[in-house]
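*Asks:* Structure file data_3.cif (mmCIF, C-alpha atoms) is given on the next line.
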data_upload
loop_
_atom_site.label_atom_id
_atom_site.label_comp_id
_atom_site.auth_asym_id
_atom_site.auth_seq_id
_atom_site.Cartn_x
_atom_site.Cartn_y
_atom_site.Cartn_z
CA MET A 1 19.22 -0.30 33.26
CA SER A 2 20.67 -3.56 34.56
CA LYS A 3 22.72 -5.78 32.28
CA PHE A 4 19.91 -8.34 32.49
CA GLY A 5 17.36 -5.73 31.46
CA ARG A 6 19.51 -4.62 28.54
CA ARG A 7 19.95 -8.21 27.37
CA LEU A 8 16.21 -8.77 27.60
CA VAL A 9 15.50 -5.74 25.43
CA VAL A 10 17.88 -7.06 22.79
CA VAL A 11 16.30 -10.52 22.94
CA VAL A 12 12.79 -9.12 22.54
CA LEU A 13 13.89 -6.87 19.68
CA ASN A 14 15.49 -9.84 17.97
CA LEU A 15 12.25 -11.77 18.40
CA PHE A 16 10.48 -8.88 16.70
CA ARG A 17 12.88 -9.01 13.77
CA GLN A 18 12.51 -12.77 13.44
CA GLN A 19 8.74 -12.75 13.67
CA SER A 20 8.28 -9.88 11.23
CA ALA A 21 9.63 -10.48 7.75
CA ASN A 22 9.63 -6.71 7.32
CA PRO A 23 10.50 -4.56 10.35
CA PHE A 24 10.40 -1.57 8.00
CA ILE A 25 7.18 -0.43 6.39
CA TYR A 26 7.00 -0.29 2.62
CA ALA A 27 4.51 1.88 0.83
CA LYS A 28 2.96 -0.34 -1.82
CA TYR A 29 1.31 2.19 -4.01
CA PHE A 30 -0.69 0.38 -6.66
CA ARG A 31 -2.78 2.09 -9.28
CA ARG A 32 -5.13 -0.04 -11.31
CA SER A 33 -6.57 2.46 -13.77
CA THR A 34 -10.11 1.84 -14.95
CA LEU A 35 -10.85 2.84 -18.51
CA ARG A 36 -13.69 3.70 -20.75
CA SER A 37 -13.48 4.57 -24.42
CA PRO A 38 -11.92 7.04 -25.09
CA VAL A 39 -9.19 6.43 -22.54
CA ILE A 40 -9.89 8.30 -19.30
CA THR A 41 -8.22 7.64 -15.96
CA ARG A 42 -8.36 9.17 -12.51
CA ASP A 43 -6.99 8.14 -9.13
CA LEU A 44 -8.52 7.97 -5.68
CA PRO A 45 -6.46 8.97 -2.64
CA PRO A 46 -4.44 6.01 -1.35
CA GLY A 47 -5.82 3.83 1.46
CA LEU A 48 -3.32 2.48 4.09
CA SER A 49 -3.03 -1.31 4.54
CA ALA A 50 -0.81 -3.27 6.91
CA ILE A 51 2.12 -3.20 4.53
CA GLY A 52 1.14 -0.92 1.89
CA VAL A 53 -1.26 1.29 -0.06
CA VAL A 54 -3.67 0.37 -2.91
CA LEU A 55 -5.13 2.88 -5.32
CA VAL A 56 -8.18 2.29 -7.45
CA VAL A 57 -9.71 4.74 -9.87
CA THR A 58 -12.75 6.95 -9.68
CA ALA A 59 -15.51 6.41 -12.15
CA LEU A 60 -16.79 9.21 -14.31
CA ALA A 61 -20.51 8.87 -13.64
CA SER A 62 -22.37 11.95 -14.80
CA PRO A 63 -24.39 14.02 -12.29
CA THR A 64 -27.42 13.53 -14.52
CA TYR A 65 -27.09 9.79 -14.34
CA ALA A 66 -26.66 9.96 -10.57
CA ARG A 67 -29.86 11.96 -10.26
CA ASP A 68 -31.73 9.62 -12.59
CA ARG A 69 -30.60 6.65 -10.55
CA ALA A 70 -31.93 8.25 -7.38
CA VAL A 71 -35.39 8.55 -8.94
CA HIS A 72 -35.38 5.40 -11.04
CA PRO A 73 -33.43 2.55 -9.43
CA VAL A 74 -31.49 0.62 -12.07
CA SER A 75 -33.11 -2.67 -11.21
CA GLN A 76 -36.54 -1.15 -11.89
CA THR A 77 -35.81 0.84 -15.04
CA PRO A 78 -38.03 -0.52 -17.86
CA GLN A 79 -35.55 0.58 -20.53
CA LEU A 80 -32.72 -1.48 -19.02
CA ALA A 81 -33.05 -4.27 -21.57
CA GLN A 82 -32.65 -1.73 -24.38
CA LEU A 83 -29.38 -0.29 -23.17
CA ALA A 84 -26.54 -0.48 -25.67
CA THR A 85 -23.10 -1.83 -24.84
CA ASP A 86 -21.72 1.56 -23.84
CA ASP A 87 -24.69 2.22 -21.57
CA TYR A 88 -24.04 -1.05 -19.74
CA PHE A 89 -20.41 -0.02 -19.52
CA GLU A 90 -21.33 3.33 -17.94
CA ARG A 91 -23.51 1.61 -15.35
CA ALA A 92 -20.80 -0.90 -14.55
CA TYR A 93 -18.35 1.96 -14.19
CA TYR A 94 -20.71 3.81 -11.85
CA TYR A 95 -21.16 0.75 -9.64
CA PHE A 96 -17.41 0.18 -9.55
CA GLU A 97 -16.84 3.74 -8.34
CA HIS A 98 -19.38 3.36 -5.57
CA GLY A 99 -17.98 0.05 -4.36
CA SER A 100 -20.83 -2.13 -5.62
CA LEU A 101 -18.39 -4.60 -7.11
CA GLN A 102 -20.81 -7.48 -7.65
CA SER A 103 -23.13 -5.19 -9.60
CA ALA A 104 -20.16 -3.90 -11.58
CA LEU A 105 -19.18 -7.47 -12.42
CA SER A 106 -22.71 -8.21 -13.56
CA TYR A 107 -22.84 -5.24 -15.92
CA TYR A 108 -19.36 -5.80 -17.31
CA SER A 109 -20.41 -9.36 -18.06
CA ARG A 110 -23.44 -8.01 -19.93
CA VAL A 111 -21.14 -5.75 -21.93
CA LEU A 112 -18.96 -8.70 -22.86
CA SER A 113 -21.94 -10.82 -23.82
CA LEU A 114 -22.78 -8.14 -26.40
CA ASP A 115 -19.20 -7.39 -27.43
CA PRO A 116 -16.75 -10.22 -26.57
CA SER A 117 -13.80 -8.18 -27.89
CA TYR A 118 -14.29 -5.13 -25.65
CA ALA A 119 -10.81 -4.91 -24.10
CA GLU A 120 -11.67 -2.11 -21.65
CA ALA A 121 -14.53 -4.18 -20.24
CA TYR A 122 -12.20 -7.14 -19.62
CA ASN A 123 -9.71 -4.79 -17.97
CA ASN A 124 -12.35 -3.22 -15.74
CA ARG A 125 -14.02 -6.50 -14.83
CA ALA A 126 -10.57 -7.77 -13.89
CA ASN A 127 -10.11 -4.77 -11.58
CA ALA A 128 -13.39 -5.57 -9.85
CA HIS A 129 -12.34 -9.20 -9.43
CA ALA A 130 -9.00 -8.07 -8.02
CA ASP A 131 -10.67 -5.77 -5.50
CA LEU A 132 -12.74 -8.76 -4.38
CA ARG A 133 -9.50 -10.78 -4.16
CA GLN A 134 -10.77 -13.09 -6.86
CA TYR A 135 -7.30 -13.22 -8.31
CA PRO A 136 -7.57 -16.15 -10.77
CA GLU A 137 -10.60 -14.52 -12.37
CA ALA A 138 -8.79 -11.18 -12.51
CA ILE A 139 -5.74 -12.73 -14.17
CA ALA A 140 -7.97 -14.48 -16.72
CA ASP A 141 -9.70 -11.21 -17.65
CA PHE A 142 -6.48 -9.22 -17.91
CA SER A 143 -5.02 -11.95 -20.10
CA GLU A 144 -8.12 -11.92 -22.31
CA ALA A 145 -7.91 -8.14 -22.66
CA LEU A 146 -4.41 -8.52 -24.09
CA ASN A 147 -5.87 -10.50 -27.01
CA TYR A 148 -7.75 -7.48 -28.38
CA ASP A 149 -7.00 -4.00 -29.63
CA HIS A 150 -6.38 -1.59 -26.81
CA PRO A 151 -4.95 1.95 -26.84
CA ASP A 152 -2.62 1.22 -23.91
CA LEU A 153 -1.45 -2.39 -23.67
CA GLY A 154 1.13 -1.23 -21.14
CA LEU A 155 -1.66 -0.40 -18.72
CA ILE A 156 -3.11 -3.91 -18.90
CA TYR A 157 0.30 -5.47 -18.31
CA TYR A 158 0.73 -3.08 -15.40
CA ASN A 159 -2.66 -4.01 -13.93
CA ARG A 160 -1.98 -7.72 -14.25
CA GLY A 161 1.43 -7.18 -12.69
CA ASN A 162 -0.21 -5.53 -9.68
CA THR A 163 -2.49 -8.53 -9.29
CA TYR A 164 0.44 -10.93 -9.42
CA LEU A 165 2.16 -8.74 -6.84
CA GLU A 166 -0.84 -8.98 -4.51
CA MET A 167 -0.83 -12.75 -5.00
CA GLY A 168 2.84 -12.97 -4.06
CA ARG A 169 3.79 -14.19 -7.55
CA TYR A 170 6.71 -11.83 -7.77
CA ASP A 171 8.50 -13.22 -10.83
CA ALA A 172 5.28 -13.04 -12.86
CA ALA A 173 4.74 -9.49 -11.59
CA ILE A 174 8.26 -8.49 -12.66
CA ALA A 175 7.66 -9.91 -16.14
CA ASP A 176 4.44 -7.93 -16.52
CA PHE A 177 5.92 -4.69 -15.20
CA SER A 178 8.79 -5.15 -17.66
CA ASP A 179 6.26 -5.58 -20.48
CA ALA A 180 4.42 -2.46 -19.30
CA ILE A 181 7.69 -0.53 -19.51
CA GLN A 182 8.46 -1.94 -22.97
CA HIS A 183 4.99 -0.90 -24.16
CA HIS A 184 5.65 2.66 -22.92
CA TYR A 185 3.03 2.67 -20.20
CA SER A 186 1.99 6.28 -19.73
CA GLN A 187 2.73 6.24 -15.98
CA ILE A 188 6.07 4.53 -16.31
CA ALA A 189 7.32 5.65 -12.89
CA LEU A 190 4.63 3.46 -11.33
CA ALA A 191 5.75 0.43 -13.32
CA TYR A 192 9.36 0.86 -12.21
CA TYR A 193 8.22 1.45 -8.64
CA ASN A 194 6.11 -1.68 -8.40
CA ARG A 195 8.77 -3.75 -10.16
CA GLY A 196 11.08 -2.47 -7.46
CA ASN A 197 8.62 -3.69 -4.83
CA ALA A 198 8.57 -7.14 -6.43
CA ASN A 199 12.37 -7.29 -6.54
CA LEU A 200 12.51 -6.12 -2.93
CA SER A 201 10.11 -8.87 -1.89
CA LEU A 202 12.41 -11.41 -3.56
CA GLY A 203 15.48 -10.04 -1.79
CA ARG A 204 16.95 -8.73 -5.04
CA TYR A 205 18.06 -5.53 -3.38
CA TYR A 206 20.34 -4.10 -6.07
CA SER A 207 17.68 -4.66 -8.74
CA ALA A 208 15.12 -3.04 -6.46
CA ILE A 209 17.34 0.01 -5.99
CA ASP A 210 17.82 0.27 -9.76
CA ASP A 211 14.04 0.24 -10.21
CA PHE A 212 13.43 2.82 -7.50
CA ASP A 213 16.17 4.97 -9.08
CA GLN A 214 14.31 4.78 -12.40
CA ALA A 215 10.99 5.62 -10.75
CA ILE A 216 12.54 8.68 -9.11
CA SER A 217 14.20 9.72 -12.38
CA HIS A 218 10.74 9.84 -13.98
CA ASP A 219 9.08 11.45 -10.95
CA SER A 220 11.45 13.35 -8.68
CA ASP A 221 8.68 13.88 -6.08
CA TYR A 222 7.85 10.18 -5.75
CA VAL A 223 7.62 9.97 -1.96
CA GLN A 224 6.88 6.25 -1.82
CA ALA A 225 9.86 5.42 -4.04
CA TYR A 226 12.22 7.28 -1.70
CA ASN A 227 10.71 5.48 1.30
CA ASN A 228 11.05 2.04 -0.25
CA ARG A 229 14.53 2.71 -1.58
CA GLY A 230 15.45 3.68 1.96
CA SER A 231 14.15 0.36 3.28
CA THR A 232 16.15 -1.46 0.61
CA GLN A 233 19.29 0.40 1.67
CA VAL A 234 18.71 -0.81 5.24
CA TYR A 235 18.87 -4.43 4.12
CA LEU A 236 22.19 -3.62 2.45
CA GLU A 237 23.29 -1.90 5.70
CA ASN A 238 23.73 1.39 3.87
CA PHE A 239 22.32 3.25 6.84
CA ALA A 240 23.43 6.75 5.85
CA ASP A 241 21.80 6.34 2.44
CA ALA A 242 18.66 4.97 4.09
CA ILE A 243 18.41 7.97 6.41
CA GLU A 244 18.88 10.31 3.46
CA ASP A 245 16.08 8.61 1.50
CA TYR A 246 13.69 8.60 4.46
CA SER A 247 14.50 12.25 5.12
CA THR A 248 13.75 13.14 1.50
CA ALA A 249 10.45 11.25 1.66
CA ILE A 250 9.52 13.14 4.83
CA LYS A 251 10.46 16.53 3.36
CA LEU A 252 8.51 15.92 0.16
CA ASP A 253 5.44 14.63 1.96
CA GLN A 254 5.41 17.51 4.44
CA ALA A 255 5.29 19.90 1.47
CA ARG A 256 2.00 18.40 0.32
CA PRO A 257 -1.29 20.13 1.19
CA THR A 258 -2.41 16.91 2.87
CA PRO A 259 0.21 14.48 4.20
CA SER A 260 -0.03 10.89 3.00
CA PRO A 261 0.30 7.74 5.15
CA THR A 262 3.87 7.47 3.87
CA LEU A 263 4.84 10.38 6.14
CA GLU A 264 4.25 8.27 9.26
CA GLN A 265 5.86 5.27 7.60
CA ALA A 266 9.03 7.18 6.74
CA HIS A 267 9.30 8.56 10.28
CA TYR A 268 8.90 5.06 11.70
CA ASN A 269 11.45 3.61 9.30
CA ARG A 270 14.00 6.35 10.01
CA ALA A 271 13.43 5.85 13.74
CA ASN A 272 14.26 2.15 13.35
CA VAL A 273 17.56 3.05 11.67
CA TYR A 274 18.44 5.53 14.40
CA TYR A 275 17.59 2.85 16.95
CA GLN A 276 19.90 0.37 15.26
CA LEU A 277 22.65 2.99 15.29
CA GLY A 278 22.12 3.64 19.00
CA ASP A 279 20.85 7.18 18.45
CA TYR A 280 17.91 6.79 20.81
CA HIS A 281 17.07 10.49 21.14
CA ARG A 282 16.50 10.83 17.39
CA ALA A 283 14.69 7.48 17.38
CA VAL A 284 12.24 8.70 20.03
CA THR A 285 11.65 11.93 18.08
CA ASP A 286 10.81 9.99 14.92
CA TYR A 287 8.67 7.40 16.71
CA THR A 288 6.68 10.30 18.17
CA ALA A 289 6.25 11.80 14.70
CA ALA A 290 5.13 8.39 13.41
CA LEU A 291 2.35 8.49 16.00
CA GLY A 292 1.18 11.83 14.67
CA GLY A 293 2.69 13.55 17.69
CA ASP A 294 -0.47 13.13 19.77
CA ARG A 295 -1.02 10.26 22.18
CA ALA A 296 -4.71 11.13 22.50
CA ASP A 297 -5.39 10.09 18.92
CA LEU A 298 -4.25 6.50 19.40
CA THR A 299 -7.07 4.09 18.63
CA SER A 300 -7.50 0.49 17.59
CA GLU A 301 -8.16 1.83 14.07
CA LYS A 302 -4.43 2.56 13.91
CA ALA A 303 -3.23 -0.86 14.95
CA HIS A 304 0.23 -0.18 13.52
CA HIS A 305 0.68 2.36 16.30
CA ALA A 306 1.11 -0.54 18.72
CA ASP A 307 4.39 -1.45 17.04
CA VAL A 308 5.54 2.17 17.12
CA LEU A 309 4.72 2.47 20.82
CA TYR A 310 6.48 -0.81 21.54
CA SER A 311 9.59 0.38 19.71
CA ARG A 312 9.53 3.78 21.40
CA ALA A 313 9.27 2.05 24.76
CA LEU A 314 12.52 0.21 24.04
CA ALA A 315 14.26 3.44 23.06
CA GLN A 316 12.91 5.23 26.14
CA MET A 317 14.25 2.47 28.37
CA PHE A 318 17.71 2.75 26.82
CA LEU A 319 17.58 6.47 27.60
CA GLY A 320 16.75 5.65 31.21
CA ASP A 321 13.24 7.13 31.08
CA ARG A 322 11.48 4.26 32.80
CA PRO A 323 8.11 6.00 33.39
CA ALA A 324 7.81 6.99 29.72
CA ALA A 325 8.84 3.51 28.61
CA LEU A 326 6.23 1.86 30.82
CA ALA A 327 3.55 4.29 29.65
CA ASP A 328 4.31 3.45 26.02
CA LEU A 329 4.36 -0.25 26.74
CA ASP A 330 0.99 -0.06 28.51
CA GLN A 331 -0.55 1.63 25.47
CA ALA A 332 1.04 -0.91 23.14
CA ILE A 333 -0.36 -3.74 25.26
CA ASP A 334 -3.81 -2.16 25.14
CA LEU A 335 -3.72 -1.79 21.34
CA TYR A 336 -2.41 -5.34 20.83
CA ASN A 337 -5.29 -6.55 23.00
CA GLN A 338 -7.87 -4.46 21.12
CA THR A 339 -6.71 -5.78 17.77
CA GLY A 340 -6.45 -9.41 18.85
CA ASN A 341 -2.70 -9.62 18.33
CA VAL A 342 -2.22 -12.31 20.96
CA GLU A 343 1.43 -13.05 20.18
CA TRP A 344 2.63 -9.48 20.56
CA TYR A 345 0.30 -8.84 23.46
CA GLN A 346 2.10 -11.65 25.27
CA TYR A 347 5.58 -10.40 24.28
CA ALA A 348 4.77 -6.90 25.52
CA GLN A 349 3.29 -8.25 28.76
CA MET A 350 6.42 -10.32 29.34
CA LEU A 351 8.62 -7.28 28.81
CA ARG A 352 6.51 -5.16 31.15
CA ASP A 353 6.72 -7.79 33.88
CA ARG A 354 10.51 -7.72 33.59
CA TRP A 355 10.66 -3.93 33.73
CA GLN A 356 8.48 -3.55 36.82
#
Kindly transcribe the structure held in the file into C-alpha cells.

*Replies:*
Amino acid sequence: MSKFGRRLVVVVLNLFRQQSANPFIYAKYFRRSTLRSPVITRDLPPGLSAIGVVLVVTALASPTYARDRAVHPVSQTPQLAQLATDDYFERAYYYFEHGSLQSALSYYSRVLSLDPSYAEAYNNRANAHADLRQYPEAIADFSEALNYDHPDLGLIYYNRGNTYLEMGRYDAAIADFSDAIQHHYSQIALAYYNRGNANLSLGRYYSAIDDFDQAISHDSDYVQAYNNRGSTQVYLENFADAIEDYSTAIKLDQARPTPSPTLEQAHYNRANVYYQLGDYHRAVTDYTAALGGDRADLTSEKAHHADVLYSRALAQMFLGDRPAALADLDQAIDLYNQTGNVEWYQYAQMLRDRWQ
C-alpha cells in the first residue's frame, strides 16, 4: 500500500472514531421484571438493538384463558364488567406478553381504578409505558409504586433505573440502581451491571469496572459483564485486560446451547483491539467471526454488519489483500445504502474510489 493510501486509511478510521461515540459495542442487558401477586418473574430471550439488548418478561397467561379468548374475544365477553381486580390484572398481563401494550395499559388502568394502591399494577403499567417509550409516564408509575407495600422494592428501583438509563439520565439511573442494591434486589448482579453501564456512559471508567467486577462476583458466567468490562478497559488503554475479558465472554457464550448476540459483539470488540495493536491477521479472524463466518447470510436486517465489513476491509488492505478488501468494502457500501446510512455510505464510497 502506498504511503498516501495508508494515511487515508488512518484518516477514515479516525473519522469513524470521531463520528461514533462508541466504536466498541456494549451489551445493554436490561430486565424489567413484570409481577403479579404472588411474586412471579420470567425472562424472554434478549433482543439485539443498535447498542444493546433489552429484556422484558413473559406473562403467565394460562392455556385455558388463551383458549377462552380464542372463542370469546375479550371485547365481546358479557362478563367483562364483572371481573374482579385480579382478573383485570391477568388480562393486562396477557396483553403485555403478546405485545398489545395499549390494551395492557387500559386494563392496568382499570385495575388501579379499583385498587389505587396496587403496587404491582403500577410497576407493570410502567413497564408497558417504557416499552412504548413513554418515559415520563413510566417514571411516574414506578415512583407511585414505591409509595405502597411491595414484596421487592429493589425491583421497582431497578426498573425505574433502567428507564432512566434508556432516557440517558445516567446519574438518576445510578441512584436507583444503588437503591436496588441497598434493598437487596434478588437479581443483584443485574443492578451492578446496569449501574456499570451508566457509569461507563458517563466516562467514569474505574467506577464502571468496579460495578462490572461486582456483577461478575455474583454471576461468574455473566457474558455481557465481561464484554462491557472489556470495552471499559479499552478506554483506559488496558488492551491486554480487554482482550482477556472479550476472550472470556466468547468462551462462555460459545458454551451456551444457543449463542447470544453478545458473541458477535465480543468478537467485533476484540477485533478492534487487535486492529489498534496492529495485529491484522487476528483482527480479520475476529471480524469474520463477528459476521457469523458466512458472507451469504449478510442482509440489511443485520445493519451492524456494514461496520464489521468496513473494518475488515481496512485490516485486509493493511495485509495487502486488495481484492478481499474491495469485496468487503463493496458489501459494506451495499448495506449502508440499504439501511439509509448516507454518511457512512459516502465515506465508504470515498475510500473505495481511492483504493481503485

*Asks:* Using the file's own x, y and z axes, so that the box edges lie along x, y and z, what centre and edge lengths in Å (one decimal) does a box around every listed atom of region 201-219 of chain A get when 8 Å is added on each side? Give it as lines of an AutoDock Vina configuration file.

*Replies:*
center_x = 14.7
center_y = 0.0
center_z = -7.9
size_x = 27.3
size_y = 38.9
size_z = 28.2

*Asks:* Quick one: residues within 10 Å of region 153-156 of chain A, all atoms listed in the file, excluding same-chain residues fewer than 4 positions away - as a ChimeraX atom specification?

*Replies:* /A:31-35,119-120,122-124,126,141-143,145-149,160-162,176-188,191

*Asks:* Looking at only C-alpha atoms, which of A:Ala271, A:Ala173, A:Val308, A:Ala290 is the one that sits closest to Ala198 (chain A)?

*Replies:*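 Looking at the shortest contact to Ala198 (chain A), the residue is A:Ala173.
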
*Asks:* When you count only C-alpha atoms, which of these residues is closest to Glu264 (chain A): A:Ser117, A:Ser217, A:Thr248, A:Thr288?

*Replies:*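 Selected residue with least distance to Glu264 (chain A): A:Thr288.
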
*Asks:* List the residues selected by the PyMOL selection byres ((chain A and resi 324) around 12) in the file shown, writing them as a list in words.

*Replies:* Val284, Leu309, Tyr310, Arg312, Ala313, Leu314, Ala315, Gln316, Met317, Phe318, Leu319, Gly320, Asp321, Arg322, Pro323, Ala325, Leu326, Ala327, Asp328, Leu329, Asp330, Gln331 and Trp355 of chain A

*Asks:* Selection in question (the file shown): the PyMOL selection byres ((chain A and resi 163) around 10). Which residues does it include, as a VMD selection string?

*Replies:* chain A and resid 30 32 126 to 127 129 to 131 133 to 136 138 to 139 142 157 to 162 164 to 170 172 to 173

*Asks:* Can you spit out the residues from that selection as an mmCIF file, in the coordinates of the input, using C-alpha atoms?

*Replies:*
data_model
loop_
_atom_site.group_PDB
_atom_site.id
_atom_site.type_symbol
_atom_site.label_atom_id
_atom_site.label_comp_id
_atom_site.auth_asym_id
_atom_site.auth_seq_id
_atom_site.Cartn_x
_atom_site.Cartn_y
_atom_site.Cartn_z
ATOM 1 C CA PHE A 30 -0.690 0.380 -6.660
ATOM 2 C CA ARG A 32 -5.130 -0.040 -11.310
ATOM 3 C CA ALA A 126 -10.570 -7.770 -13.890
ATOM 4 C CA ASN A 127 -10.110 -4.770 -11.580
ATOM 5 C CA HIS A 129 -12.340 -9.200 -9.430
ATOM 6 C CA ALA A 130 -9.000 -8.070 -8.020
ATOM 7 C CA ASP A 131 -10.670 -5.770 -5.500
ATOM 8 C CA ARG A 133 -9.500 -10.780 -4.160
ATOM 9 C CA GLN A 134 -10.770 -13.090 -6.860
ATOM 10 C CA TYR A 135 -7.300 -13.220 -8.310
ATOM 11 C CA PRO A 136 -7.570 -16.150 -10.770
ATOM 12 C CA ALA A 138 -8.790 -11.180 -12.510
ATOM 13 C CA ILE A 139 -5.740 -12.730 -14.170
ATOM 14 C CA PHE A 142 -6.480 -9.220 -17.910
ATOM 15 C CA TYR A 157 0.300 -5.470 -18.310
ATOM 16 C CA TYR A 158 0.730 -3.080 -15.400
ATOM 17 C CA ASN A 159 -2.660 -4.010 -13.930
ATOM 18 C CA ARG A 160 -1.980 -7.720 -14.250
ATOM 19 C CA GLY A 161 1.430 -7.180 -12.690
ATOM 20 C CA ASN A 162 -0.210 -5.530 -9.680
ATOM 21 C CA TYR A 164 0.440 -10.930 -9.420
ATOM 22 C CA LEU A 165 2.160 -8.740 -6.840
ATOM 23 C CA GLU A 166 -0.840 -8.980 -4.510
ATOM 24 C CA MET A 167 -0.830 -12.750 -5.000
ATOM 25 C CA GLY A 168 2.840 -12.970 -4.060
ATOM 26 C CA ARG A 169 3.790 -14.190 -7.550
ATOM 27 C CA TYR A 170 6.710 -11.830 -7.770
ATOM 28 C CA ALA A 172 5.280 -13.040 -12.860
ATOM 29 C CA ALA A 173 4.740 -9.490 -11.590
#

*Asks:* Report the residues retrieved by the PyMOL selection byres ((chain A and resi 241) around 12) from the displayed file, expressed as a list in words.

*Replies:* Ile209, Tyr226, Asn227, Asn228, Arg229, Gly230, Ser231, Thr232, Gln233, Val234, Tyr235, Leu236, Glu237, Asn238, Phe239, Ala240, Ala242, Ile243, Glu244, Asp245, Tyr246, Ser247, Thr248, Arg270 and Val273 of chain A

*Asks:* Write a file of the just-selected residues containing C-alpha atoms, as a PDB file, keeping the file's coordinate frame.

*Replies:*
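Output file part-v4.pdb follows:
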ATOM      1  CA  ILE A 209      17.340   0.010  -5.990  1.00  0.00           C
ATOM      2  CA  TYR A 226      12.220   7.280  -1.700  1.00  0.00           C
ATOM      3  CA  ASN A 227      10.710   5.480   1.300  1.00  0.00           C
ATOM      4  CA  ASN A 228      11.050   2.040  -0.250  1.00  0.00           C
ATOM      5  CA  ARG A 229      14.530   2.710  -1.580  1.00  0.00           C
ATOM      6  CA  GLY A 230      15.450   3.680   1.960  1.00  0.00           C
ATOM      7  CA  SER A 231      14.150   0.360   3.280  1.00  0.00           C
ATOM      8  CA  THR A 232      16.150  -1.460   0.610  1.00  0.00           C
ATOM      9  CA  GLN A 233      19.290   0.400   1.670  1.00  0.00           C
ATOM     10  CA  VAL A 234      18.710  -0.810   5.240  1.00  0.00           C
ATOM     11  CA  TYR A 235      18.870  -4.430   4.120  1.00  0.00           C
ATOM     12  CA  LEU A 236      22.190  -3.620   2.450  1.00  0.00           C
ATOM     13  CA  GLU A 237      23.290  -1.900   5.700  1.00  0.00           C
ATOM     14  CA  ASN A 238      23.730   1.390   3.870  1.00  0.00           C
ATOM     15  CA  PHE A 239      22.320   3.250   6.840  1.00  0.00           C
ATOM     16  CA  ALA A 240      23.430   6.750   5.850  1.00  0.00           C
ATOM     17  CA  ALA A 242      18.660   4.970   4.090  1.00  0.00           C
ATOM     18  CA  ILE A 243      18.410   7.970   6.410  1.00  0.00           C
ATOM     19  CA  GLU A 244      18.880  10.310   3.460  1.00  0.00           C
ATOM     20  CA  ASP A 245      16.080   8.610   1.500  1.00  0.00           C
ATOM     21  CA  TYR A 246      13.690   8.600   4.460  1.00  0.00           C
ATOM     22  CA  SER A 247      14.500  12.250   5.120  1.00  0.00           C
ATOM     23  CA  THR A 248      13.750  13.140   1.500  1.00  0.00           C
ATOM     24  CA  ARG A 270      14.000   6.350  10.010  1.00  0.00           C
ATOM     25  CA  VAL A 273      17.560   3.050  11.670  1.00  0.00           C
TER      26      VAL A 273
END

*Asks:* Could you state the separation of CA of His305 (chain A) and CA of Pro261 (chain A) in Å, given to one decimal place?

*Replies:*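 That distance, rounded to one decimal, is 12.4 Å.
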
*Asks:* Measure the distance from CA of Ala215 (chain A) to CA of Ala283 (chain A) in Å and round it to one decimal.

*Replies:*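 Distance reported for this atom pair: 28.4 Å.
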
*Asks:* Between CA of Gly340 (chain A) and CA of Asn269 (chain A), what is the distance, to one decimal in Å?

*Replies:*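 We find that CA of Gly340 (chain A) and CA of Asn269 (chain A) lie 24.1 Å from each other.
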
*Asks:* When you look at Asn199 (chain A) with a cut-off of 8 Å (counting all atoms listed in the file), what residues show up, excluding the ones that are within fewer than 4 positions of it in the same chain? I need them as a PyMOL selection string.

*Replies:* chain A and resi 170+174+195+203-205+207-208
